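Trainee: File follows, data_6.json with JSON, C-alpha atoms:
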[["chain", "number", "residue", "atom", "x", "y", "z"],
["A", 199, "MET", "CA", -71.24, -2.54, -15.70],
["A", 200, "ASP", "CA", -73.76, -3.85, -18.23],
["A", 201, "VAL", "CA", -73.14, -3.97, -21.97],
["A", 202, "ILE", "CA", -76.43, -4.28, -23.85],
["A", 203, "LEU", "CA", -76.52, -4.90, -27.59],
["A", 204, "LEU", "CA", -79.50, -2.81, -28.63],
["A", 205, "GLY", "CA", -79.26, -3.44, -32.37],
["A", 206, "THR", "CA", -77.26, -6.24, -33.98],
["A", 207, "GLY", "CA", -78.23, -5.77, -37.62],
["A", 208, "THR", "CA", -76.71, -4.24, -40.72],
["A", 209, "PRO", "CA", -77.87, -1.92, -43.51],
["A", 210, "MET", "CA", -79.95, -4.86, -44.78],
["A", 211, "PRO", "CA", -83.39, -4.62, -43.10],
["A", 212, "HIS", "CA", -84.20, -7.53, -40.80],
["A", 213, "PRO", "CA", -87.43, -8.11, -38.87],
["A", 214, "HIS", "CA", -85.67, -9.07, -35.66],
["A", 215, "ARG", "CA", -82.43, -7.06, -35.73],
["A", 216, "ALA", "CA", -82.37, -3.30, -35.33],
["A", 217, "GLY", "CA", -79.53, -1.18, -36.68],
["A", 218, "PRO", "CA", -76.11, -1.07, -35.00],
["A", 219, "SER", "CA", -76.22, 0.35, -31.49],
["A", 220, "ALA", "CA", -75.20, -0.61, -27.97],
["A", 221, "LEU", "CA", -75.70, 0.70, -24.46],
["A", 222, "VAL", "CA", -73.17, 0.71, -21.63],
["A", 223, "ARG", "CA", -74.71, 1.14, -18.16],
["A", 224, "ALA", "CA", -72.30, 1.78, -15.32],
["A", 225, "GLY", "CA", -73.22, 3.49, -12.08],
["A", 226, "ALA", "CA", -75.29, 6.54, -12.99],
["A", 227, "ALA", "CA", -74.06, 6.56, -16.58],
["A", 228, "ASN", "CA", -76.09, 5.44, -19.61],
["A", 229, "ILE", "CA", -73.81, 5.68, -22.62],
["A", 230, "LEU", "CA", -75.19, 5.00, -26.10],
["A", 231, "VAL", "CA", -72.77, 3.83, -28.78],
["A", 232, "ASP", "CA", -74.12, 4.53, -32.28],
["A", 233, "CYS", "CA", -77.73, 5.12, -33.30],
["A", 234, "GLY", "CA", -78.91, 2.63, -35.91],
["A", 235, "ARG", "CA", -82.50, 2.20, -37.02],
["A", 236, "ALA", "CA", -85.07, 1.51, -34.26],
["A", 237, "VAL", "CA", -82.61, 2.45, -31.51],
["A", 238, "VAL", "CA", -85.27, 4.34, -29.53],
["A", 239, "MET", "CA", -87.49, 1.26, -29.51],
["A", 240, "ARG", "CA", -84.60, -0.89, -28.32],
["A", 241, "LEU", "CA", -83.74, 1.64, -25.61],
["A", 242, "ALA", "CA", -87.31, 1.28, -24.40],
["A", 243, "GLY", "CA", -86.85, -2.49, -24.43],
["A", 244, "ALA", "CA", -83.72, -2.11, -22.30],
["A", 245, "GLY", "CA", -85.60, 0.08, -19.81],
["A", 246, "VAL", "CA", -83.49, 3.16, -20.56],
["A", 247, "PRO", "CA", -85.50, 5.87, -22.36],
["A", 248, "PRO", "CA", -83.60, 8.46, -24.37],
["A", 249, "GLN", "CA", -84.13, 11.15, -21.75],
["A", 250, "ALA", "CA", -81.99, 9.06, -19.35],
["A", 251, "LEU", "CA", -78.94, 9.05, -21.62],
["A", 252, "SER", "CA", -75.71, 10.53, -20.31],
["A", 253, "ALA", "CA", -73.90, 10.72, -23.66],
["A", 254, "ILE", "CA", -73.80, 9.37, -27.19],
["A", 255, "LEU", "CA", -70.64, 8.03, -28.80],
["A", 256, "ILE", "CA", -70.54, 7.79, -32.60],
["A", 257, "THR", "CA", -67.96, 5.47, -34.16],
["A", 258, "HIS", "CA", -68.26, 6.69, -37.75],
["A", 259, "MET", "CA", -70.71, 8.33, -40.13],
["A", 260, "HIS", "CA", -71.99, 5.39, -42.14],
["A", 261, "SER", "CA", -75.76, 5.82, -42.42],
["A", 262, "ASP", "CA", -76.64, 2.58, -40.63],
["A", 263, "HIS", "CA", -74.83, 3.82, -37.51],
["A", 264, "ILE", "CA", -76.46, 7.28, -37.36],
["A", 265, "SER", "CA", -79.81, 6.85, -39.10],
["A", 266, "ASP", "CA", -81.87, 7.33, -35.93],
["A", 267, "LEU", "CA", -79.72, 9.91, -34.17],
["A", 268, "ASN", "CA", -82.43, 12.45, -34.98],
["A", 269, "ASP", "CA", -85.01, 10.29, -33.16],
["A", 270, "VAL", "CA", -82.79, 10.04, -30.08],
["A", 271, "VAL", "CA", -82.21, 13.81, -30.03],
["A", 272, "THR", "CA", -85.89, 14.67, -30.52],
["A", 273, "THR", "CA", -87.15, 12.16, -27.94],
["A", 274, "HIS", "CA", -84.52, 13.23, -25.40],
["A", 275, "TRP", "CA", -85.67, 16.82, -25.86],
["A", 276, "ILE", "CA", -89.45, 16.43, -25.74],
["A", 277, "MET", "CA", -89.57, 13.81, -22.98],
["A", 278, "ASN", "CA", -87.36, 15.59, -20.47],
["A", 279, "PRO", "CA", -89.38, 17.68, -17.99],
["A", 280, "GLY", "CA", -86.95, 20.55, -18.33],
["A", 281, "PRO", "CA", -83.88, 21.62, -20.33],
["A", 282, "LYS", "CA", -81.15, 18.99, -20.33],
["A", 283, "ARG", "CA", -77.95, 19.02, -22.35],
["A", 284, "LEU", "CA", -77.12, 15.98, -24.47],
["A", 285, "ARG", "CA", -73.44, 15.41, -25.23],
["A", 286, "ILE", "CA", -72.57, 13.71, -28.51],
["A", 287, "TYR", "CA", -68.99, 12.58, -29.18],
["A", 288, "GLY", "CA", -67.53, 11.35, -32.44],
["A", 289, "PRO", "CA", -64.82, 11.75, -35.06],
["A", 290, "PRO", "CA", -64.22, 14.92, -37.09],
["A", 291, "GLY", "CA", -67.13, 15.57, -39.41],
["A", 292, "LEU", "CA", -69.68, 14.91, -36.67],
["A", 293, "ARG", "CA", -70.57, 18.59, -36.26],
["A", 294, "ALA", "CA", -71.39, 19.02, -39.96],
["A", 295, "VAL", "CA", -73.61, 15.93, -39.87],
["A", 296, "ILE", "CA", -75.48, 17.16, -36.79],
["A", 297, "ASP", "CA", -75.81, 20.71, -38.16],
["A", 298, "ALA", "CA", -77.49, 19.22, -41.25],
["A", 299, "MET", "CA", -79.67, 16.99, -39.09],
["A", 300, "MET", "CA", -80.81, 19.96, -37.01],
["A", 301, "ALA", "CA", -81.66, 21.86, -40.19],
["A", 302, "MET", "CA", -83.84, 18.92, -41.19],
["A", 303, "LEU", "CA", -85.52, 18.98, -37.77],
["A", 304, "ALA", "CA", -86.05, 22.76, -37.79],
["A", 305, "PRO", "CA", -89.73, 22.67, -38.83],
["A", 306, "ASP", "CA", -90.57, 20.07, -36.16],
["A", 307, "ILE", "CA", -88.69, 22.05, -33.51],
["A", 308, "SER", "CA", -90.55, 25.24, -34.42],
["A", 309, "TYR", "CA", -93.93, 23.47, -34.26],
["A", 310, "ARG", "CA", -93.24, 22.04, -30.83],
["A", 311, "ILE", "CA", -91.96, 25.33, -29.38],
["A", 312, "ALA", "CA", -95.03, 27.10, -30.76],
["A", 313, "HIS", "CA", -97.37, 24.49, -29.28],
["A", 314, "HIS", "CA", -95.85, 23.90, -25.82],
["A", 315, "ASP", "CA", -95.22, 26.87, -23.54],
["A", 316, "ASP", "CA", -92.66, 24.94, -21.50],
["A", 317, "LEU", "CA", -90.54, 24.11, -24.58],
["A", 318, "ASN", "CA", -88.94, 27.51, -25.05],
["A", 319, "ALA", "CA", -85.65, 26.48, -26.65],
["A", 320, "PRO", "CA", -84.44, 23.92, -29.19],
["A", 321, "PRO", "CA", -82.51, 20.80, -28.12],
["A", 322, "ASP", "CA", -79.38, 21.65, -26.14],
["A", 323, "LEU", "CA", -76.59, 19.66, -27.79],
["A", 324, "GLU", "CA", -72.90, 19.68, -26.97],
["A", 325, "ILE", "CA", -70.97, 18.25, -29.92],
["A", 326, "VAL", "CA", -67.41, 17.09, -29.29],
["A", 327, "GLU", "CA", -65.22, 15.99, -32.18],
["A", 328, "LEU", "CA", -62.45, 13.64, -31.08],
["A", 329, "ALA", "CA", -59.05, 12.58, -32.32],
["A", 330, "PRO", "CA", -57.58, 9.17, -31.49],
["A", 331, "GLY", "CA", -56.08, 9.31, -28.02],
["A", 332, "ALA", "CA", -58.72, 11.65, -26.65],
["A", 333, "ARG", "CA", -59.82, 10.90, -23.10],
["A", 334, "PHE", "CA", -62.83, 12.22, -21.21],
["A", 335, "SER", "CA", -65.22, 11.36, -18.39],
["A", 336, "VAL", "CA", -68.96, 10.75, -18.39],
["A", 337, "GLU", "CA", -70.62, 10.43, -14.97],
["A", 338, "GLY", "CA", -67.80, 8.45, -13.40],
["A", 339, "CYS", "CA", -66.83, 6.48, -16.51],
["A", 340, "GLU", "CA", -63.43, 7.05, -18.09],
["A", 341, "ILE", "CA", -63.59, 6.88, -21.88],
["A", 342, "ALA", "CA", -60.76, 6.77, -24.41],
["A", 343, "ALA", "CA", -61.02, 6.99, -28.20],
["A", 344, "PHE", "CA", -58.89, 4.73, -30.41],
["A", 345, "ALA", "CA", -58.25, 4.82, -34.15],
["A", 346, "THR", "CA", -59.88, 1.98, -36.05],
["A", 347, "ASP", "CA", -59.67, 1.10, -39.76],
["A", 348, "HIS", "CA", -62.92, 1.25, -41.70],
["A", 349, "ALA", "CA", -61.63, 3.12, -44.74],
["A", 350, "PRO", "CA", -62.96, 4.84, -46.74],
["A", 351, "ALA", "CA", -65.27, 5.69, -43.81],
["A", 352, "THR", "CA", -62.58, 7.76, -42.14],
["A", 353, "PRO", "CA", -61.85, 8.73, -39.53],
["A", 354, "SER", "CA", -63.46, 5.99, -37.45],
["A", 355, "LEU", "CA", -63.16, 5.43, -33.72],
["A", 356, "GLY", "CA", -63.57, 2.69, -31.15],
["A", 357, "TYR", "CA", -64.26, 3.50, -27.50],
["A", 358, "ARG", "CA", -62.84, 1.99, -24.35],
["A", 359, "ILE", "CA", -65.18, 2.58, -21.39],
["A", 360, "GLU", "CA", -63.87, 1.94, -17.86],
["A", 361, "ARG", "CA", -65.43, 2.17, -14.42],
["A", 362, "ASP", "CA", -64.37, 0.56, -11.12],
["A", 363, "GLY", "CA", -62.01, -1.84, -12.90],
["A", 364, "ALA", "CA", -64.56, -2.98, -15.51],
["A", 365, "VAL", "CA", -63.58, -2.44, -19.15],
["A", 366, "ALA", "CA", -65.79, -2.52, -22.25],
["A", 367, "ALA", "CA", -64.14, -2.19, -25.67],
["A", 368, "MET", "CA", -66.68, -1.00, -28.25],
["A", 369, "ALA", "CA", -64.96, -1.49, -31.57],
["A", 370, "GLY", "CA", -67.58, -0.49, -34.14],
["A", 371, "ASP", "CA", -66.83, -1.53, -37.72],
["A", 372, "THR", "CA", -63.15, -2.17, -38.43],
["A", 373, "ILE", "CA", -60.55, -4.57, -39.68],
["A", 374, "PRO", "CA", -57.63, -5.64, -37.44],
["A", 375, "CYS", "CA", -55.25, -2.76, -36.85],
["A", 376, "PRO", "CA", -52.92, -1.49, -34.09],
["A", 377, "GLY", "CA", -55.62, 0.79, -32.70],
["A", 378, "LEU", "CA", -58.00, -2.16, -32.33],
["A", 379, "ASP", "CA", -55.40, -4.17, -30.42],
["A", 380, "ALA", "CA", -54.80, -1.24, -28.06],
["A", 381, "LEU", "CA", -58.53, -0.66, -27.62],
["A", 382, "CYS", "CA", -59.16, -4.28, -26.60],
["A", 383, "ALA", "CA", -56.09, -4.90, -24.42],
["A", 384, "GLY", "CA", -57.23, -6.72, -21.27],
["A", 385, "ALA", "CA", -60.90, -5.81, -21.86],
["A", 386, "ASP", "CA", -63.61, -7.66, -19.98],
["A", 387, "VAL", "CA", -65.92, -7.35, -23.00],
["A", 388, "TYR", "CA", -64.91, -6.72, -26.60],
["A", 389, "VAL", "CA", -67.79, -5.97, -29.03],
["A", 390, "GLN", "CA", -67.02, -6.51, -32.71],
["A", 391, "ALA", "CA", -68.93, -6.46, -36.01],
["A", 392, "ILE", "CA", -68.23, -9.59, -38.06],
["A", 393, "VAL", "CA", -68.75, -10.70, -41.66],
["A", 394, "ARG", "CA", -68.54, -14.25, -43.03],
["A", 395, "ASP", "CA", -66.14, -13.89, -45.93],
["A", 396, "ASP", "CA", -66.54, -17.56, -46.85],
["A", 397, "VAL", "CA", -70.24, -16.97, -47.54],
["A", 398, "VAL", "CA", -70.07, -13.48, -49.02],
["A", 399, "ARG", "CA", -67.45, -14.51, -51.59],
["A", 400, "ARG", "CA", -69.96, -16.96, -53.08],
["A", 401, "ILE", "CA", -72.62, -14.28, -53.61],
["A", 402, "PRO", "CA", -72.50, -12.81, -57.15],
["A", 403, "SER", "CA", -72.67, -9.18, -56.05],
["A", 404, "GLN", "CA", -69.60, -6.95, -56.27],
["A", 405, "ARG", "CA", -71.26, -4.37, -54.02],
["A", 406, "LEU", "CA", -71.69, -6.98, -51.29],
["A", 407, "GLN", "CA", -68.20, -8.39, -51.75],
["A", 408, "ASP", "CA", -66.77, -4.90, -51.36],
["A", 409, "ILE", "CA", -67.66, -4.99, -47.64],
["A", 410, "LEU", "CA", -65.04, -7.68, -47.03],
["A", 411, "ASP", "CA", -62.18, -5.20, -47.14],
["A", 412, "TYR", "CA", -63.37, -3.17, -44.14],
["A", 413, "HIS", "CA", -65.00, -5.62, -41.71],
["A", 414, "CYS", "CA", -63.53, -8.32, -39.48],
["A", 415, "THR", "CA", -64.16, -11.95, -40.26],
["A", 416, "PRO", "CA", -65.13, -14.21, -37.34],
["A", 417, "GLU", "CA", -61.62, -15.65, -37.34],
["A", 418, "GLN", "CA", -59.99, -12.21, -37.29],
["A", 419, "ALA", "CA", -62.17, -11.03, -34.40],
["A", 420, "ALA", "CA", -61.30, -14.15, -32.42],
["A", 421, "LYS", "CA", -57.58, -13.63, -33.05],
["A", 422, "VAL", "CA", -57.83, -10.00, -31.93],
["A", 423, "ALA", "CA", -59.59, -11.10, -28.72],
["A", 424, "ALA", "CA", -56.89, -13.71, -28.01],
["A", 425, "ARG", "CA", -54.02, -11.37, -28.83],
["A", 426, "ALA", "CA", -55.49, -8.62, -26.64],
["A", 427, "GLY", "CA", -56.25, -10.90, -23.71],
["A", 428, "ALA", "CA", -59.96, -10.03, -23.73],
["A", 429, "LYS", "CA", -62.22, -12.13, -21.53],
["A", 430, "THR", "CA", -65.43, -12.11, -23.61],
["A", 431, "LEU", "CA", -65.91, -11.53, -27.32],
["A", 432, "VAL", "CA", -69.40, -10.31, -28.29],
["A", 433, "ALA", "CA", -70.11, -10.63, -32.00],
["A", 434, "THR", "CA", -72.67, -8.39, -33.70],
["A", 435, "HIS", "CA", -73.59, -6.81, -37.08],
["A", 436, "PHE", "CA", -73.75, -10.24, -38.75],
["A", 437, "VAL", "CA", -73.36, -10.55, -42.52],
["A", 438, "PRO", "CA", -75.10, -12.63, -43.71],
["A", 439, "PRO", "CA", -77.73, -12.42, -40.96],
["A", 440, "LEU", "CA", -77.27, -15.05, -38.27],
["A", 441, "MET", "CA", -80.21, -17.44, -38.55],
["A", 442, "PRO", "CA", -81.51, -19.77, -35.81],
["A", 443, "GLY", "CA", -79.68, -23.06, -35.92],
["A", 444, "GLN", "CA", -76.54, -21.59, -37.51],
["A", 445, "GLU", "CA", -74.82, -20.64, -34.27],
["A", 446, "ASP", "CA", -72.35, -23.53, -34.34],
["A", 447, "GLU", "CA", -71.24, -22.63, -37.87],
["A", 448, "TRP", "CA", -70.14, -19.20, -36.66],
["A", 449, "LEU", "CA", -68.72, -20.44, -33.37],
["A", 450, "ASN", "CA", -66.68, -23.16, -35.06],
["A", 451, "LEU", "CA", -64.87, -20.49, -37.05],
["A", 452, "MET", "CA", -63.97, -18.58, -33.88],
["A", 453, "ARG", "CA", -63.28, -21.18, -31.20],
["A", 454, "PRO", "CA", -59.96, -22.44, -32.63],
["A", 455, "HIS", "CA", -58.54, -18.94, -32.20],
["A", 456, "PHE", "CA", -60.01, -17.77, -28.88],
["A", 457, "GLN", "CA", -60.58, -19.78, -25.72],
["A", 458, "GLY", "CA", -62.58, -17.17, -23.82],
["A", 459, "GLU", "CA", -66.33, -16.66, -23.79],
["A", 460, "ILE", "CA", -67.95, -15.97, -27.18],
["A", 461, "ILE", "CA", -71.45, -14.46, -27.41],
["A", 462, "LEU", "CA", -73.34, -14.26, -30.69],
["A", 463, "ALA", "CA", -75.57, -11.35, -29.79],
["A", 464, "ASP", "CA", -79.25, -10.89, -30.49],
["A", 465, "ASP", "CA", -81.00, -7.56, -29.95],
["A", 466, "LEU", "CA", -81.11, -6.80, -26.20],
["A", 467, "THR", "CA", -78.44, -9.37, -25.32],
["A", 468, "LYS", "CA", -76.86, -8.20, -22.06],
["A", 469, "LYS", "CA", -73.42, -9.01, -20.66],
["A", 470, "THR", "CA", -72.75, -7.97, -17.07],
["A", 471, "ILE", "CA", -69.21, -7.30, -15.91],
["A", 472, "ALA", "CA", -68.98, -7.96, -12.20],
["A", 473, "LYS", "CA", -65.98, -6.60, -10.33]]
Please express what this file holds, its structure, as structure tokens.

Mentor:
Amino acid sequence: MDVILLGTGTPMPHPHRAGPSALVRAGAANILVDCGRAVVMRLAGAGVPPQALSAILITHMHSDHISDLNDVVTTHWIMNPGPKRLRIYGPPGLRAVIDAMMAMLAPDISYRIAHHDDLNAPPDLEIVELAPGARFSVEGCEIAAFATDHAPATPSLGYRIERDGAVAAMAGDTIPCPGLDALCAGADVYVQAIVRDDVVRRIPSQRLQDILDYHCTPEQAAKVAARAGAKTLVATHFVPPLMPGQEDEWLNLMRPHFQGEIILADDLTKKTIAK
């Protein structure tokens, strides 16, 4: 199993960090978790074009996590040689978001069908809204949805993806909560968005400081990883952006609380789980 951080950025545009998204490759499965800005470009960089995706998992409906879902859907549709269903899983509210997205895409879809004789139907999407505790399979991978806490962006979900004994815990944006502990229990890789509260509190912007109440700090993420018995903690979605030369600042906040491997991810960072 490979866990590839496609985009490690935030809503704040960054020249080197795409929006939040990750790819889990296991056997024949290519599972995309969230669809932040530039995700299609990062999929190309990972060698997995959208038409090769097995499923998409959405953690929550914040714009930075779904902004390029329309690009994934369109590219999956027009680049496949024939009809191919794309399954999209997420929390309640997902169907309304995708219905609105498809209405936005309607002119483009009509142009392409009119122009290409072999495109005789719109994208074939299967939308599955999930409650915490839901379990399902995608091409040999067993996936479970867990409740996370990113209020007021509710409901929000994290996903535990398992295949052949390998476990990836894809937490999305959340603060510590019982669902996060259950999601990460014994995971080989735990992927978590982190925010430096010590830095953000010094910035005179109430809007920016508001994000502290629904994201993990580096210390909190490390404590979750230790408590859950995770082997590797992969940090992403850095606020403020992680700059070259600052790695030790972030790591020094985390290492006292977690003795396992810590990865501060860049776009296209890959962690392989060998079993």

Trainee: Considering all atoms listed in the file, return as a PyMOL selection string whatever protein or nucleic-acid residues lie within 9 Å of A:Asp386, sequence-local ones (same chain, fewer than 5 positions apart) excluded.

Mentor: chain A and resi 364-367+427-431+471

Trainee: Using only C-alpha atoms - which residues lie no farther than 12 Å from the point (-68.6, -3.3, -29.0) in the file's frame? Write them as an MDAnalysis selection string.

Mentor: chainID A and resid 200:206 218:222 230:232 255:257 355:359 365:372 378 381:382 385:392 419 423 430:435 461 463 468:469

Trainee: Could the residues in this selection be written to a file with C-alpha atoms, as a CSV table (one decimal), keeping the file's coordinate frame?

Mentor:
chain,number,residue,atom,x,y,z
A,200,ASP,CA,-73.8,-3.8,-18.2
A,201,VAL,CA,-73.1,-4.0,-22.0
A,202,ILE,CA,-76.4,-4.3,-23.8
A,203,LEU,CA,-76.5,-4.9,-27.6
A,204,LEU,CA,-79.5,-2.8,-28.6
A,205,GLY,CA,-79.3,-3.4,-32.4
A,206,THR,CA,-77.3,-6.2,-34.0
A,218,PRO,CA,-76.1,-1.1,-35.0
A,219,SER,CA,-76.2,0.4,-31.5
A,220,ALA,CA,-75.2,-0.6,-28.0
A,221,LEU,CA,-75.7,0.7,-24.5
A,222,VAL,CA,-73.2,0.7,-21.6
A,230,LEU,CA,-75.2,5.0,-26.1
A,231,VAL,CA,-72.8,3.8,-28.8
A,232,ASP,CA,-74.1,4.5,-32.3
A,255,LEU,CA,-70.6,8.0,-28.8
A,256,ILE,CA,-70.5,7.8,-32.6
A,257,THR,CA,-68.0,5.5,-34.2
A,355,LEU,CA,-63.2,5.4,-33.7
A,356,GLY,CA,-63.6,2.7,-31.2
A,357,TYR,CA,-64.3,3.5,-27.5
A,358,ARG,CA,-62.8,2.0,-24.4
A,359,ILE,CA,-65.2,2.6,-21.4
A,365,VAL,CA,-63.6,-2.4,-19.2
A,366,ALA,CA,-65.8,-2.5,-22.2
A,367,ALA,CA,-64.1,-2.2,-25.7
A,368,MET,CA,-66.7,-1.0,-28.2
A,369,ALA,CA,-65.0,-1.5,-31.6
A,370,GLY,CA,-67.6,-0.5,-34.1
A,371,ASP,CA,-66.8,-1.5,-37.7
A,372,THR,CA,-63.2,-2.2,-38.4
A,378,LEU,CA,-58.0,-2.2,-32.3
A,381,LEU,CA,-58.5,-0.7,-27.6
A,382,CYS,CA,-59.2,-4.3,-26.6
A,385,ALA,CA,-60.9,-5.8,-21.9
A,386,ASP,CA,-63.6,-7.7,-20.0
A,387,VAL,CA,-65.9,-7.4,-23.0
A,388,TYR,CA,-64.9,-6.7,-26.6
A,389,VAL,CA,-67.8,-6.0,-29.0
A,390,GLN,CA,-67.0,-6.5,-32.7
A,391,ALA,CA,-68.9,-6.5,-36.0
A,392,ILE,CA,-68.2,-9.6,-38.1
A,419,ALA,CA,-62.2,-11.0,-34.4
A,423,ALA,CA,-59.6,-11.1,-28.7
A,430,THR,CA,-65.4,-12.1,-23.6
A,431,LEU,CA,-65.9,-11.5,-27.3
A,432,VAL,CA,-69.4,-10.3,-28.3
A,433,ALA,CA,-70.1,-10.6,-32.0
A,434,THR,CA,-72.7,-8.4,-33.7
A,435,HIS,CA,-73.6,-6.8,-37.1
A,461,ILE,CA,-71.4,-14.5,-27.4
A,463,ALA,CA,-75.6,-11.4,-29.8
A,468,LYS,CA,-76.9,-8.2,-22.1
A,469,LYS,CA,-73.4,-9.0,-20.7

Trainee: Which of these, A:Thr273, A:Asp408, A:Arg310, A:Glu327, has the shortest distance to A:Val295 once you count all atoms listed in the file?

Mentor: A:Glu327

Trainee: Got a sec: who's within 9 Å of A:Arg240, counting all atoms listed in the file, leaving out chain neighbours fewer than 5 positions off, as an mmCIF file with C-alpha atoms, in the coordinates of the input?

Mentor:
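Result saved to part-v7.cif:
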data_model
loop_
_atom_site.group_PDB
_atom_site.id
_atom_site.type_symbol
_atom_site.label_atom_id
_atom_site.label_comp_id
_atom_site.auth_asym_id
_atom_site.auth_seq_id
_atom_site.Cartn_x
_atom_site.Cartn_y
_atom_site.Cartn_z
ATOM 1 C CA LEU A 204 -79.500 -2.810 -28.630
ATOM 2 C CA GLY A 205 -79.260 -3.440 -32.370
ATOM 3 C CA ALA A 216 -82.370 -3.300 -35.330
ATOM 4 C CA GLY A 245 -85.600 0.080 -19.810
ATOM 5 C CA VAL A 246 -83.490 3.160 -20.560
ATOM 6 C CA ASP A 465 -81.000 -7.560 -29.950
ATOM 7 C CA LEU A 466 -81.110 -6.800 -26.200
#

Trainee: Would you work out the distance separating atom CA of A:Ala380 from atom CA of A:Ser354, expressed in Å to one decimal?

Mentor: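 Going from atom CA of A:Ala380 over to atom CA of A:Ser354, I get 14.7 Å.
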
Trainee: By how many Å are atom CA of A:Leu323 and atom CA of A:Leu303 apart?

Mentor: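 Between atom CA of A:Leu323 and atom CA of A:Leu303 the gap is 13.4 Å.
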
Trainee: To one decimal in Å, tell me the separation between atom CA of A:Ile254 and atom CA of A:Gln418.

Mentor: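 Straight-line distance from atom CA of A:Ile254 to atom CA of A:Gln418 works out to 27.5 Å.
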
Trainee: Return as JSON the centre and edge lengths, in Å with one decimal, of the box along x, y and z that encloses every atom of stretch 448-452 of chain A in the file, padded by 5 Å per side.

Mentor:
{"center_x": -67.1, "center_y": -20.9, "center_z": -35.2, "size_x": 16.2, "size_y": 14.6, "size_z": 13.7}

Trainee: Give me the residues within 9 Å of stretch 333-337 of chain A as a list in words, counting all atoms listed in the file and dropping any in the same chain fewer than 2 places off.

Mentor: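 So, after excluding close chain neighbours, the residues are Ala224, Gly225, Ala226, Ala227, Asn228, Ile229, Ser252, Ala253, Leu328, Pro330, Gly331, Cys339, Glu340, Ile341, Ala342 and Ala343 of chain A.
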
Trainee: Need to verify the contact set: A:Ile264, 7 Å, all atoms listed in the file, exclusion of same-chain residues closer than 5 positions in sequence. Can you return it as an MDAnalysis selection string?

Mentor: chainID A and resid 232:234 259

Trainee: Rank A:Pro454, A:Pro321, A:Pro353, A:Pro438 by their smallest atom-to-atom distance to A:Pro290, using all atoms listed in the file, and report the top residue only.

Mentor: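 Under the stated criterion, the closest residue is A:Pro353.
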
Trainee: Ranking A:Leu284, A:Ala294, A:Ala424, A:Ile276 by minimum distance to A:Tyr309 and counting only C-alpha atoms, which one comes first?

Mentor: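 Among A:Leu284, A:Ala294, A:Ala424, A:Ile276, it is A:Ile276 that comes nearest to A:Tyr309.
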
Trainee: Using only C-alpha atoms, which of A:Asp347, A:Ala244, A:Trp275, A:Ile325 sits nearest A:Asp297?

Mentor: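 Smallest separation from A:Asp297 among the options: A:Ile325.
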
Trainee: Name the residues, using the chain letters and numbers of the file, that sit within 7 Å of (-59.3, -17.0, -29.7) when counting all atoms listed in the file, and give them as a compact mmCIF listing (two decimals) with C-alpha atoms, in the coordinates of the input.

Mentor:
# COMPACT_ATOMS: atom_id res chain seq x y z
CA ALA A 420 -61.30 -14.15 -32.42
CA LYS A 421 -57.58 -13.63 -33.05
CA ALA A 423 -59.59 -11.10 -28.72
CA ALA A 424 -56.89 -13.71 -28.01
CA MET A 452 -63.97 -18.58 -33.88
CA ARG A 453 -63.28 -21.18 -31.20
CA PRO A 454 -59.96 -22.44 -32.63
CA HIS A 455 -58.54 -18.94 -32.20
CA PHE A 456 -60.01 -17.77 -28.88
CA GLN A 457 -60.58 -19.78 -25.72
CA GLY A 458 -62.58 -17.17 -23.82

Trainee: For a quick check of understanding, using only C-alpha atoms, which of A:Arg361, A:Arg394, A:His214, A:Arg285 has the smallest distance to A:Leu449?

Mentor: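 That would be A:Arg394, the residue with the smallest distance to A:Leu449.
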
Trainee: Which residue gives the smallest distance to A:Leu440 among A:Val397, A:Ala351, A:Cys414, A:Ile373, with only C-alpha atoms counted?

Mentor: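 Answer, going by the shortest atom-to-atom distance: A:Val397.
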